Amino acid sequence: MTQQTQEPGSTPTADNSTTARTTSTASTTSTATEARAGGDTGTATAADATTGAATAPPAPGAPPFPPLAEPRPLGERRVWPRTFHDRLTAPLPGLKALARFAREGAVRPDAQGLADISRLPYAPAPLPRVDTGTLAVTWAGHASWIVQVGGLTVLTDPVWSRRILGTPARITPVGVPWDQLPRIDAVVISHNHYDHLDAPTLRRLPRDTPVFAPAGLGRWFRRREFTRVTELDWWEGAELAGVRFDFVPAHHWSKRTLTDTCHSLWGGWVLTAPGGPRLYFAGDTGYGHWFSRIGRRYPGIDLALMPIGAYDPRWWLCDVHCDPEEAVRATVDLGAHRMAPMHWATFILSAEPVLEPLTRVQAAWEEAGLPREDLWDMPIGSSRTLG
């Protein structure tokens, strides 16, 4: 197992190809050196990730550590490494794991697990009207949110399609019809898996829509004639109309075809309006050491949008998908004030009963002794505001 311990972007970088090659070399060297030395680098071990050990969350009002990088220019063209395999925090499944999955892995709930589809929370309503000092989030389903922050309307991992490749049709409708969306000021993408990067949905957007994407994914957008694409490495940020978009690590991976495994990066996003509020969108991730580091770098997260579904069988998915209890633990590690669950109740991607993620996250939140009003377990189509 390898772990990425270098934090690219913690200081202002040079530019383009030199920056990309330097970042890649430094991160690979740092990873290999620290793995051999086994020293105290502040990185959680595999055992820590498994048992749930974590660094204490940042104190309220704590400054970012290390300081944030200077914003990158919007739309800059950069040269990236061919592969980001050195960023994996767990090995990808090998032949033995694939054979075991073929032999015993269940990828869909049984009939009893599907029986509660009609009870999945779905309550569409008009989008709230907000001012620049208000944070509003509306859950469209899966990892797709309409985020209103700092006067901007931002889509996260927009998937409005009824079906995605290799997956049954969605089991709940989209929470907000496309023709009811306001003007979209920006889109953030966490990674290139089909349930997070949906070409038919993105084709509906004007091609001059600003897109914030992981390193290595810009070519995909430019081939589709998007003209304002900003690719970022972990710990890098850019600004649009005063709102800062920071790309942060996740315990996941990327793949879209048979030949592009880990050729683009994966991660989450921290959106910060001038003077606050601050939102964390996890994208897709397993549990591990990155959450406490994100919390130190971006203290005072007001709301964490956290995945809680697609976790069973656990031996197969634990490295890349949080279960509900881990999502709560990650929220605590982040020092986030509130959590809104996502990545469930939309597509059937794994074997847990369809309603189980909600009941388990509610129980885990209560067991952690956290205020009930700070768990925003929202129906698809509903909104919550802050500020």
# chains A, B, ... in the order shown; residues from 1 in each chain; ligands from 1
$ closest_atom_pairs --of "range 74-121 of chain A" --to "range 226-239 of chain A" --cutoff "8 Å" --atoms "only C-alpha atoms" --output "tab-separated table"
residue	atom	partner	partner_atom	distance
A:Leu74	CA	A:Thr230	CA	5.5
A:Gly75	CA	A:Thr230	CA	4.5
A:Glu76	CA	A:Thr230	CA	6.4
A:Arg78	CA	A:Glu231	CA	7.9
$ select_by_dssp --residues "range 136-289 of chain A" --states "helix (DSSP H, G or I)" --output "PyMOL selection string"
chain A and resi 178-180+199-202+218-223
$ write_last_selection --atoms "N, CA and C atoms" --output "short mmCIF file (atom, residue, chain, number, x, y, z; two decimals), in the first residue's frame"
data_model
loop_
_atom_site.label_atom_id
_atom_site.label_comp_id
_atom_site.auth_asym_id
_atom_site.auth_seq_id
_atom_site.Cartn_x
_atom_site.Cartn_y
_atom_site.Cartn_z
N TRP A 178 -34.37 19.77 -15.00
CA TRP A 178 -33.31 20.59 -15.60
C TRP A 178 -33.83 21.97 -16.01
N ASP A 179 -35.03 22.03 -16.52
CA ASP A 179 -35.55 23.32 -17.00
C ASP A 179 -35.94 24.25 -15.86
N GLN A 180 -35.85 23.78 -14.62
CA GLN A 180 -36.12 24.65 -13.47
C GLN A 180 -34.85 25.16 -12.80
N ALA A 199 -21.72 12.50 -19.38
CA ALA A 199 -21.63 13.28 -20.61
C ALA A 199 -22.99 13.81 -21.09
N PRO A 200 -24.06 13.01 -21.09
CA PRO A 200 -25.35 13.55 -21.57
C PRO A 200 -25.82 14.76 -20.76
N THR A 201 -25.59 14.74 -19.44
CA THR A 201 -25.98 15.89 -18.63
C THR A 201 -25.12 17.10 -18.95
N LEU A 202 -23.82 16.91 -19.03
CA LEU A 202 -22.92 18.03 -19.26
C LEU A 202 -23.14 18.66 -20.63
N GLY A 218 -8.98 17.70 -17.91
CA GLY A 218 -9.33 18.82 -18.77
C GLY A 218 -9.50 18.43 -20.23
N ARG A 219 -8.68 17.50 -20.70
CA ARG A 219 -8.77 17.09 -22.10
C ARG A 219 -10.16 16.55 -22.42
N TRP A 220 -10.75 15.80 -21.49
CA TRP A 220 -12.09 15.24 -21.69
C TRP A 220 -13.09 16.37 -21.97
N PHE A 221 -12.99 17.45 -21.23
CA PHE A 221 -13.91 18.58 -21.41
C PHE A 221 -13.59 19.37 -22.67
N ARG A 222 -12.31 19.57 -22.95
CA ARG A 222 -11.97 20.35 -24.13
C ARG A 222 -12.36 19.63 -25.41
N ARG A 223 -12.30 18.28 -25.40
CA ARG A 223 -12.78 17.54 -26.57
C ARG A 223 -14.26 17.78 -26.81
#
$ atom_distance --atom1 "CA of Glu352 in chain A" --atom2 "CA of Thr285 in chain A"
17.3 Å
$ select_by_dssp --residues "range 49-244 of chain A" --states "strand (DSSP E)" --output "ChimeraX atom specification"
/A:135-141,144-149,152-156,186-188,211-214,229-232,236-240,243-244
$ closest_atom_pairs --of "range 89-160 of chain A" --to "range 357-378 of chain A" --cutoff "9 Å" --atoms "only C-alpha atoms" --output "CSV"
residue,atom,partner,partner_atom,distance
A:Pro121,CA,A:Met378,CA,7.6
A:Tyr122,CA,A:Met378,CA,8.6
A:Ala123,CA,A:Met378,CA,8.8
A:Thr138,CA,A:Met378,CA,8.7
A:Trp139,CA,A:Met378,CA,7.4
$ closest_residue --among "A:His337, A:Pro128, A:Val107, A:His263" --to "Gly166 in chain A" --atoms "only C-alpha atoms"
A:Val107
$ closest_atom_pairs --of "range 197-270 of chain A" --to "range 286-304 of chain A" --cutoff "8 Å" --atoms "only C-alpha atoms" --output "tab-separated table"
residue	atom	partner	partner_atom	distance
A:Val248	CA	A:Ile294	CA	7.0
A:Pro249	CA	A:Trp290	CA	6.4
A:Ala250	CA	A:Trp290	CA	6.7
A:His251	CA	A:Gly286	CA	5.0
A:His252	CA	A:Gly286	CA	6.5
A:Val270	CA	A:Tyr298	CA	7.8
$ write_last_selection --atoms "all heavy atoms" --output "mmCIF file, in the first residue's frame"
data_model
loop_
_atom_site.group_PDB
_atom_site.id
_atom_site.type_symbol
_atom_site.label_atom_id
_atom_site.label_comp_id
_atom_site.auth_asym_id
_atom_site.auth_seq_id
_atom_site.Cartn_x
_atom_site.Cartn_y
_atom_site.Cartn_z
ATOM 1 N N VAL A 248 -9.216 18.930 -3.005
ATOM 2 C CA VAL A 248 -8.598 18.263 -1.856
ATOM 3 C C VAL A 248 -8.601 16.747 -2.064
ATOM 4 O O VAL A 248 -9.375 16.216 -2.860
ATOM 5 C CB VAL A 248 -9.333 18.634 -0.553
ATOM 6 C CG1 VAL A 248 -9.169 20.122 -0.258
ATOM 7 C CG2 VAL A 248 -10.813 18.266 -0.612
ATOM 8 N N PRO A 249 -7.731 16.024 -1.351
ATOM 9 C CA PRO A 249 -7.596 14.582 -1.581
ATOM 10 C C PRO A 249 -8.831 13.777 -1.174
ATOM 11 O O PRO A 249 -9.647 14.202 -0.357
ATOM 12 C CB PRO A 249 -6.392 14.200 -0.701
ATOM 13 C CG PRO A 249 -5.666 15.466 -0.460
ATOM 14 C CD PRO A 249 -6.708 16.541 -0.431
ATOM 15 N N ALA A 250 -8.919 12.592 -1.742
ATOM 16 C CA ALA A 250 -9.938 11.609 -1.383
ATOM 17 C C ALA A 250 -9.321 10.218 -1.481
ATOM 18 O O ALA A 250 -8.332 10.007 -2.180
ATOM 19 C CB ALA A 250 -11.156 11.710 -2.305
ATOM 20 N N HIS A 251 -9.909 9.283 -0.771
ATOM 21 C CA HIS A 251 -9.477 7.883 -0.821
ATOM 22 C C HIS A 251 -10.307 7.176 -1.892
ATOM 23 O O HIS A 251 -11.346 6.574 -1.615
ATOM 24 C CB HIS A 251 -9.675 7.221 0.545
ATOM 25 C CG HIS A 251 -8.885 7.860 1.636
ATOM 26 N ND1 HIS A 251 -7.586 7.521 1.919
ATOM 27 C CD2 HIS A 251 -9.198 8.853 2.507
ATOM 28 C CE1 HIS A 251 -7.139 8.253 2.925
ATOM 29 N NE2 HIS A 251 -8.095 9.065 3.296
ATOM 30 N N HIS A 252 -9.855 7.273 -3.135
ATOM 31 C CA HIS A 252 -10.642 6.720 -4.234
ATOM 32 C C HIS A 252 -9.703 6.391 -5.391
ATOM 33 O O HIS A 252 -8.514 6.094 -5.176
ATOM 34 C CB HIS A 252 -11.740 7.716 -4.626
ATOM 35 C CG HIS A 252 -12.933 7.081 -5.253
ATOM 36 N ND1 HIS A 252 -13.738 6.176 -4.586
ATOM 37 C CD2 HIS A 252 -13.477 7.218 -6.492
ATOM 38 C CE1 HIS A 252 -14.708 5.790 -5.396
ATOM 39 N NE2 HIS A 252 -14.570 6.400 -6.560
ATOM 40 N N VAL A 270 -13.559 22.088 -1.647
ATOM 41 C CA VAL A 270 -13.930 23.020 -0.587
ATOM 42 C C VAL A 270 -14.270 24.347 -1.253
ATOM 43 O O VAL A 270 -13.439 24.921 -1.961
ATOM 44 C CB VAL A 270 -12.800 23.199 0.434
ATOM 45 C CG1 VAL A 270 -13.194 24.244 1.482
ATOM 46 C CG2 VAL A 270 -12.471 21.874 1.118
#
$ residues_around --residues "Trp160 in chain A" --least-positions-apart "5" --cutoff "12 Å" --atoms "only C-alpha atoms" --output "number ranges by chain"
A: 139-146, 155, 169-170, 172-179, 181, 194-205, 346-347
$ write_last_selection --atoms "N, CA and C atoms" --output "JSON list (two decimals), in the first residue's frame"
[["chain", "number", "residue", "atom", "x", "y", "z"],
["A", 139, "TRP", "N", -30.51, 18.96, -2.94],
["A", 139, "TRP", "CA", -30.05, 17.64, -3.36],
["A", 139, "TRP", "C", -30.86, 17.17, -4.56],
["A", 140, "ALA", "N", -30.18, 17.03, -5.70],
["A", 140, "ALA", "CA", -30.84, 16.53, -6.90],
["A", 140, "ALA", "C", -30.83, 15.01, -6.96],
["A", 141, "GLY", "N", -30.00, 14.37, -6.12],
["A", 141, "GLY", "CA", -29.87, 12.93, -6.10],
["A", 141, "GLY", "C", -28.43, 12.51, -6.28],
["A", 142, "HIS", "N", -28.07, 11.34, -5.72],
["A", 142, "HIS", "CA", -26.71, 10.80, -5.78],
["A", 142, "HIS", "C", -25.71, 11.83, -5.26],
["A", 143, "ALA", "N", -24.71, 12.23, -6.06],
["A", 143, "ALA", "CA", -23.74, 13.24, -5.63],
["A", 143, "ALA", "C", -23.99, 14.59, -6.30],
["A", 144, "SER", "N", -25.17, 14.77, -6.85],
["A", 144, "SER", "CA", -25.51, 15.99, -7.58],
["A", 144, "SER", "C", -26.24, 16.97, -6.66],
["A", 145, "TRP", "N", -25.62, 18.13, -6.45],
["A", 145, "TRP", "CA", -26.19, 19.18, -5.63],
["A", 145, "TRP", "C", -26.23, 20.49, -6.42],
["A", 146, "ILE", "N", -27.23, 21.30, -6.12],
["A", 146, "ILE", "CA", -27.23, 22.69, -6.54],
["A", 146, "ILE", "C", -26.80, 23.49, -5.32],
["A", 155, "LEU", "N", -23.06, 23.51, -9.66],
["A", 155, "LEU", "CA", -23.47, 22.10, -9.70],
["A", 155, "LEU", "C", -22.29, 21.22, -9.31],
["A", 169, "ALA", "N", -31.56, 1.64, -14.05],
["A", 169, "ALA", "CA", -32.10, 3.01, -14.05],
["A", 169, "ALA", "C", -32.28, 3.51, -12.63],
["A", 170, "ARG", "N", -32.22, 4.82, -12.47],
["A", 170, "ARG", "CA", -32.31, 5.41, -11.13],
["A", 170, "ARG", "C", -33.64, 5.03, -10.49],
["A", 172, "THR", "N", -35.10, 6.72, -7.96],
["A", 172, "THR", "CA", -35.86, 7.92, -7.60],
["A", 172, "THR", "C", -35.66, 8.95, -8.71],
["A", 173, "PRO", "N", -36.66, 9.78, -8.97],
["A", 173, "PRO", "CA", -36.49, 10.79, -10.02],
["A", 173, "PRO", "C", -35.46, 11.85, -9.59],
["A", 174, "VAL", "N", -34.97, 12.59, -10.57],
["A", 174, "VAL", "CA", -34.11, 13.73, -10.26],
["A", 174, "VAL", "C", -34.91, 14.73, -9.42],
["A", 175, "GLY", "N", -34.26, 15.29, -8.40],
["A", 175, "GLY", "CA", -34.99, 16.16, -7.48],
["A", 175, "GLY", "C", -35.38, 17.51, -8.03],
["A", 176, "VAL", "N", -34.67, 17.98, -9.06],
["A", 176, "VAL", "CA", -34.95, 19.29, -9.67],
["A", 176, "VAL", "C", -34.94, 19.12, -11.18],
["A", 177, "PRO", "N", -36.05, 19.32, -11.86],
["A", 177, "PRO", "CA", -36.03, 19.22, -13.33],
["A", 177, "PRO", "C", -35.01, 20.19, -13.92],
["A", 178, "TRP", "N", -34.37, 19.77, -15.00],
["A", 178, "TRP", "CA", -33.31, 20.59, -15.60],
["A", 178, "TRP", "C", -33.83, 21.97, -16.01],
["A", 179, "ASP", "N", -35.03, 22.03, -16.52],
["A", 179, "ASP", "CA", -35.55, 23.32, -17.00],
["A", 179, "ASP", "C", -35.94, 24.25, -15.86],
["A", 181, "LEU", "N", -33.70, 24.78, -13.35],
["A", 181, "LEU", "CA", -32.44, 25.27, -12.79],
["A", 181, "LEU", "C", -32.23, 26.73, -13.15],
["A", 194, "TYR", "N", -18.56, 7.01, -14.08],
["A", 194, "TYR", "CA", -19.76, 7.38, -14.84],
["A", 194, "TYR", "C", -20.89, 7.93, -13.98],
["A", 195, "ASP", "N", -20.94, 7.56, -12.71],
["A", 195, "ASP", "CA", -21.99, 8.09, -11.85],
["A", 195, "ASP", "C", -21.64, 9.47, -11.29],
["A", 196, "HIS", "N", -20.50, 10.03, -11.71],
["A", 196, "HIS", "CA", -20.09, 11.36, -11.27],
["A", 196, "HIS", "C", -19.75, 12.27, -12.45],
["A", 197, "LEU", "N", -19.42, 11.70, -13.58],
["A", 197, "LEU", "CA", -19.09, 12.46, -14.79],
["A", 197, "LEU", "C", -20.00, 11.93, -15.89],
["A", 198, "ASP", "N", -21.10, 12.64, -16.13],
["A", 198, "ASP", "CA", -22.15, 12.17, -17.02],
["A", 198, "ASP", "C", -22.20, 13.04, -18.27],
["A", 199, "ALA", "N", -21.72, 12.50, -19.38],
["A", 199, "ALA", "CA", -21.63, 13.28, -20.61],
["A", 199, "ALA", "C", -22.99, 13.81, -21.09],
["A", 200, "PRO", "N", -24.06, 13.01, -21.09],
["A", 200, "PRO", "CA", -25.35, 13.55, -21.57],
["A", 200, "PRO", "C", -25.82, 14.76, -20.76],
["A", 201, "THR", "N", -25.59, 14.74, -19.44],
["A", 201, "THR", "CA", -25.98, 15.89, -18.63],
["A", 201, "THR", "C", -25.12, 17.10, -18.95],
["A", 202, "LEU", "N", -23.82, 16.91, -19.03],
["A", 202, "LEU", "CA", -22.92, 18.03, -19.26],
["A", 202, "LEU", "C", -23.14, 18.66, -20.63],
["A", 203, "ARG", "N", -23.61, 17.87, -21.60],
["A", 203, "ARG", "CA", -23.90, 18.43, -22.92],
["A", 203, "ARG", "C", -25.02, 19.46, -22.88],
["A", 204, "ARG", "N", -25.83, 19.44, -21.83],
["A", 204, "ARG", "CA", -26.91, 20.42, -21.71],
["A", 204, "ARG", "C", -26.40, 21.81, -21.31],
["A", 205, "LEU", "N", -25.19, 21.91, -20.85],
["A", 205, "LEU", "CA", -24.66, 23.17, -20.36],
["A", 205, "LEU", "C", -24.07, 24.00, -21.49],
["A", 346, "THR", "N", -30.40, 6.68, -5.02],
["A", 346, "THR", "CA", -30.55, 7.12, -6.41],
["A", 346, "THR", "C", -30.25, 6.01, -7.39],
["A", 347, "PHE", "N", -29.02, 5.49, -7.37],
["A", 347, "PHE", "CA", -28.62, 4.37, -8.21],
["A", 347, "PHE", "C", -28.27, 3.18, -7.32]]
$ residues_around --residues "Arg329 in chain A" --least-positions-apart "2" --cutoff "9 Å" --atoms "only C-alpha atoms" --output "ChimeraX atom specification"
/A:52,54,287,324-327,331-334,364-365,368
$ residues_around --residues "Leu271 in chain A" --least-positions-apart "6" --cutoff "12 Å" --atoms "only C-alpha atoms" --output "MDAnalysis selection string"
chainID A and resid 135 147:150 152:156 186:188 212 237:240 242:248 277:282 298 300:305
$ write_last_selection --atoms "C-alpha atoms" --output "mmCIF file, in the first residue's frame"
data_model
loop_
_atom_site.group_PDB
_atom_site.id
_atom_site.type_symbol
_atom_site.label_atom_id
_atom_site.label_comp_id
_atom_site.auth_asym_id
_atom_site.auth_seq_id
_atom_site.Cartn_x
_atom_site.Cartn_y
_atom_site.Cartn_z
ATOM 1 C CA LEU A 135 -25.335 29.111 1.750
ATOM 2 C CA VAL A 147 -25.041 24.786 -4.262
ATOM 3 C CA GLN A 148 -25.743 28.503 -3.875
ATOM 4 C CA VAL A 149 -22.749 30.190 -2.273
ATOM 5 C CA GLY A 150 -21.295 33.687 -2.460
ATOM 6 C CA LEU A 152 -22.889 31.772 -7.399
ATOM 7 C CA THR A 153 -24.926 28.711 -8.355
ATOM 8 C CA VAL A 154 -22.669 25.658 -8.591
ATOM 9 C CA LEU A 155 -23.466 22.100 -9.701
ATOM 10 C CA THR A 156 -21.554 19.207 -8.163
ATOM 11 C CA ALA A 186 -19.812 26.803 -12.333
ATOM 12 C CA VAL A 187 -19.515 23.021 -12.197
ATOM 13 C CA VAL A 188 -17.194 20.978 -9.981
ATOM 14 C CA PHE A 212 -13.378 22.930 -12.115
ATOM 15 C CA GLY A 237 -7.330 26.453 -5.508
ATOM 16 C CA ALA A 238 -8.762 28.982 -7.927
ATOM 17 C CA GLU A 239 -11.216 31.849 -7.555
ATOM 18 C CA LEU A 240 -14.360 32.737 -9.467
ATOM 19 C CA GLY A 242 -14.654 35.960 -5.167
ATOM 20 C CA VAL A 243 -15.568 32.358 -4.309
ATOM 21 C CA ARG A 244 -12.584 30.075 -3.803
ATOM 22 C CA PHE A 245 -12.631 26.516 -5.204
ATOM 23 C CA ASP A 246 -10.045 24.208 -3.592
ATOM 24 C CA PHE A 247 -9.400 20.639 -4.725
ATOM 25 C CA VAL A 248 -8.598 18.263 -1.856
ATOM 26 C CA PRO A 277 -19.533 30.297 4.621
ATOM 27 C CA ARG A 278 -17.416 27.232 3.742
ATOM 28 C CA LEU A 279 -18.689 23.973 2.223
ATOM 29 C CA TYR A 280 -16.928 20.634 1.703
ATOM 30 C CA PHE A 281 -18.098 18.313 -1.083
ATOM 31 C CA ALA A 282 -16.469 14.915 -0.609
ATOM 32 C CA TYR A 298 -9.692 24.450 5.803
ATOM 33 C CA GLY A 300 -14.467 26.081 10.072
ATOM 34 C CA ILE A 301 -16.276 23.965 7.480
ATOM 35 C CA ASP A 302 -19.953 24.861 7.886
ATOM 36 C CA LEU A 303 -21.373 21.907 5.958
ATOM 37 C CA ALA A 304 -19.914 18.618 4.710
ATOM 38 C CA LEU A 305 -21.684 16.815 1.854
#
$ closest_residue --among "A:His193, A:Arg103, A:Arg384, A:Arg162" --to "Val130 in chain A" --atoms "only C-alpha atoms"
A:Arg384
$ atom_distance --atom1 "CA of Ile117 in chain A" --atom2 "CA of Ser383 in chain A"
21.3 Å
$ closest_residue --among "A:Ala99, A:Ile308, A:Val320, A:Ala330" --to "Ser254 in chain A" --atoms "only C-alpha atoms"
A:Val320
$ decode --residues "range 90-100 of chain A" --atoms "all heavy atoms" --output "PDB file, in the first residue's frame"
ATOM      1  N   ALA A  90      -4.782   2.812  -1.250  1.00  0.00           N
ATOM      2  CA  ALA A  90      -4.974   1.368  -1.118  1.00  0.00           C
ATOM      3  C   ALA A  90      -4.772   0.760  -2.494  1.00  0.00           C
ATOM      4  O   ALA A  90      -5.071   1.401  -3.508  1.00  0.00           O
ATOM      5  CB  ALA A  90      -6.371   1.034  -0.587  1.00  0.00           C
ATOM      6  N   PRO A  91      -4.253  -0.450  -2.569  1.00  0.00           N
ATOM      7  CA  PRO A  91      -4.055  -1.068  -3.880  1.00  0.00           C
ATOM      8  C   PRO A  91      -5.382  -1.358  -4.558  1.00  0.00           C
ATOM      9  O   PRO A  91      -6.381  -1.665  -3.906  1.00  0.00           O
ATOM     10  CB  PRO A  91      -3.299  -2.363  -3.547  1.00  0.00           C
ATOM     11  CG  PRO A  91      -3.654  -2.653  -2.121  1.00  0.00           C
ATOM     12  CD  PRO A  91      -3.831  -1.326  -1.453  1.00  0.00           C
ATOM     13  N   LEU A  92      -5.386  -1.257  -5.867  1.00  0.00           N
ATOM     14  CA  LEU A  92      -6.572  -1.640  -6.620  1.00  0.00           C
ATOM     15  C   LEU A  92      -6.752  -3.152  -6.561  1.00  0.00           C
ATOM     16  O   LEU A  92      -5.790  -3.896  -6.351  1.00  0.00           O
ATOM     17  CB  LEU A  92      -6.441  -1.173  -8.067  1.00  0.00           C
ATOM     18  CG  LEU A  92      -6.366   0.335  -8.256  1.00  0.00           C
ATOM     19  CD1 LEU A  92      -6.157   0.687  -9.724  1.00  0.00           C
ATOM     20  CD2 LEU A  92      -7.609   1.027  -7.716  1.00  0.00           C
ATOM     21  N   PRO A  93      -7.977  -3.649  -6.713  1.00  0.00           N
ATOM     22  CA  PRO A  93      -8.214  -5.093  -6.603  1.00  0.00           C
ATOM     23  C   PRO A  93      -7.358  -5.895  -7.574  1.00  0.00           C
ATOM     24  O   PRO A  93      -7.240  -5.542  -8.756  1.00  0.00           O
ATOM     25  CB  PRO A  93      -9.703  -5.232  -6.931  1.00  0.00           C
ATOM     26  CG  PRO A  93     -10.288  -3.895  -6.630  1.00  0.00           C
ATOM     27  CD  PRO A  93      -9.223  -2.897  -6.953  1.00  0.00           C
ATOM     28  N   GLY A  94      -6.748  -6.970  -7.070  1.00  0.00           N
ATOM     29  CA  GLY A  94      -5.959  -7.859  -7.907  1.00  0.00           C
ATOM     30  C   GLY A  94      -6.777  -9.045  -8.371  1.00  0.00           C
ATOM     31  O   GLY A  94      -7.997  -9.117  -8.180  1.00  0.00           O
ATOM     32  N   LEU A  95      -6.095 -10.019  -8.972  1.00  0.00           N
ATOM     33  CA  LEU A  95      -6.792 -11.176  -9.534  1.00  0.00           C
ATOM     34  C   LEU A  95      -7.521 -11.988  -8.464  1.00  0.00           C
ATOM     35  O   LEU A  95      -8.626 -12.474  -8.691  1.00  0.00           O
ATOM     36  CB  LEU A  95      -5.792 -12.053 -10.286  1.00  0.00           C
ATOM     37  CG  LEU A  95      -5.214 -11.447 -11.577  1.00  0.00           C
ATOM     38  CD1 LEU A  95      -4.190 -12.397 -12.190  1.00  0.00           C
ATOM     39  CD2 LEU A  95      -6.330 -11.149 -12.579  1.00  0.00           C
ATOM     40  N   LYS A  96      -6.894 -12.117  -7.282  1.00  0.00           N
ATOM     41  CA  LYS A  96      -7.550 -12.897  -6.225  1.00  0.00           C
ATOM     42  C   LYS A  96      -8.848 -12.231  -5.774  1.00  0.00           C
ATOM     43  O   LYS A  96      -9.863 -12.904  -5.565  1.00  0.00           O
ATOM     44  CB  LYS A  96      -6.598 -13.068  -5.048  1.00  0.00           C
ATOM     45  CG  LYS A  96      -5.450 -14.033  -5.293  1.00  0.00           C
ATOM     46  CD  LYS A  96      -4.620 -14.242  -4.039  1.00  0.00           C
ATOM     47  CE  LYS A  96      -3.508 -15.252  -4.284  1.00  0.00           C
ATOM     48  NZ  LYS A  96      -2.670 -15.463  -3.066  1.00  0.00           N
ATOM     49  N   ALA A  97      -8.799 -10.910  -5.612  1.00  0.00           N
ATOM     50  CA  ALA A  97     -10.008 -10.201  -5.204  1.00  0.00           C
ATOM     51  C   ALA A  97     -11.084 -10.279  -6.279  1.00  0.00           C
ATOM     52  O   ALA A  97     -12.267 -10.468  -5.977  1.00  0.00           O
ATOM     53  CB  ALA A  97      -9.674  -8.745  -4.897  1.00  0.00           C
ATOM     54  N   LEU A  98     -10.686 -10.137  -7.544  1.00  0.00           N
ATOM     55  CA  LEU A  98     -11.657 -10.238  -8.623  1.00  0.00           C
ATOM     56  C   LEU A  98     -12.272 -11.620  -8.683  1.00  0.00           C
ATOM     57  O   LEU A  98     -13.474 -11.775  -8.929  1.00  0.00           O
ATOM     58  CB  LEU A  98     -10.986  -9.889  -9.948  1.00  0.00           C
ATOM     59  CG  LEU A  98     -10.544  -8.423 -10.106  1.00  0.00           C
ATOM     60  CD1 LEU A  98      -9.685  -8.267 -11.367  1.00  0.00           C
ATOM     61  CD2 LEU A  98     -11.752  -7.502 -10.170  1.00  0.00           C
ATOM     62  N   ALA A  99     -11.459 -12.658  -8.451  1.00  0.00           N
ATOM     63  CA  ALA A  99     -11.984 -14.026  -8.451  1.00  0.00           C
ATOM     64  C   ALA A  99     -12.966 -14.227  -7.301  1.00  0.00           C
ATOM     65  O   ALA A  99     -14.014 -14.860  -7.463  1.00  0.00           O
ATOM     66  CB  ALA A  99     -10.827 -15.018  -8.356  1.00  0.00           C
ATOM     67  N   ARG A 100     -12.619 -13.685  -6.129  1.00  0.00           N
ATOM     68  CA  ARG A 100     -13.532 -13.809  -4.986  1.00  0.00           C
ATOM     69  C   ARG A 100     -14.838 -13.080  -5.263  1.00  0.00           C
ATOM     70  O   ARG A 100     -15.915 -13.602  -4.943  1.00  0.00           O
ATOM     71  CB  ARG A 100     -12.870 -13.240  -3.727  1.00  0.00           C
ATOM     72  CG  ARG A 100     -13.780 -13.284  -2.505  1.00  0.00           C
ATOM     73  CD  ARG A 100     -13.119 -12.683  -1.274  1.00  0.00           C
ATOM     74  NE  ARG A 100     -14.058 -12.628  -0.167  1.00  0.00           N
ATOM     75  CZ  ARG A 100     -13.798 -12.061   1.009  1.00  0.00           C
ATOM     76  NH1 ARG A 100     -12.612 -11.518   1.241  1.00  0.00           N
ATOM     77  NH2 ARG A 100     -14.722 -12.039   1.967  1.00  0.00           N
TER      78      ARG A 100
END
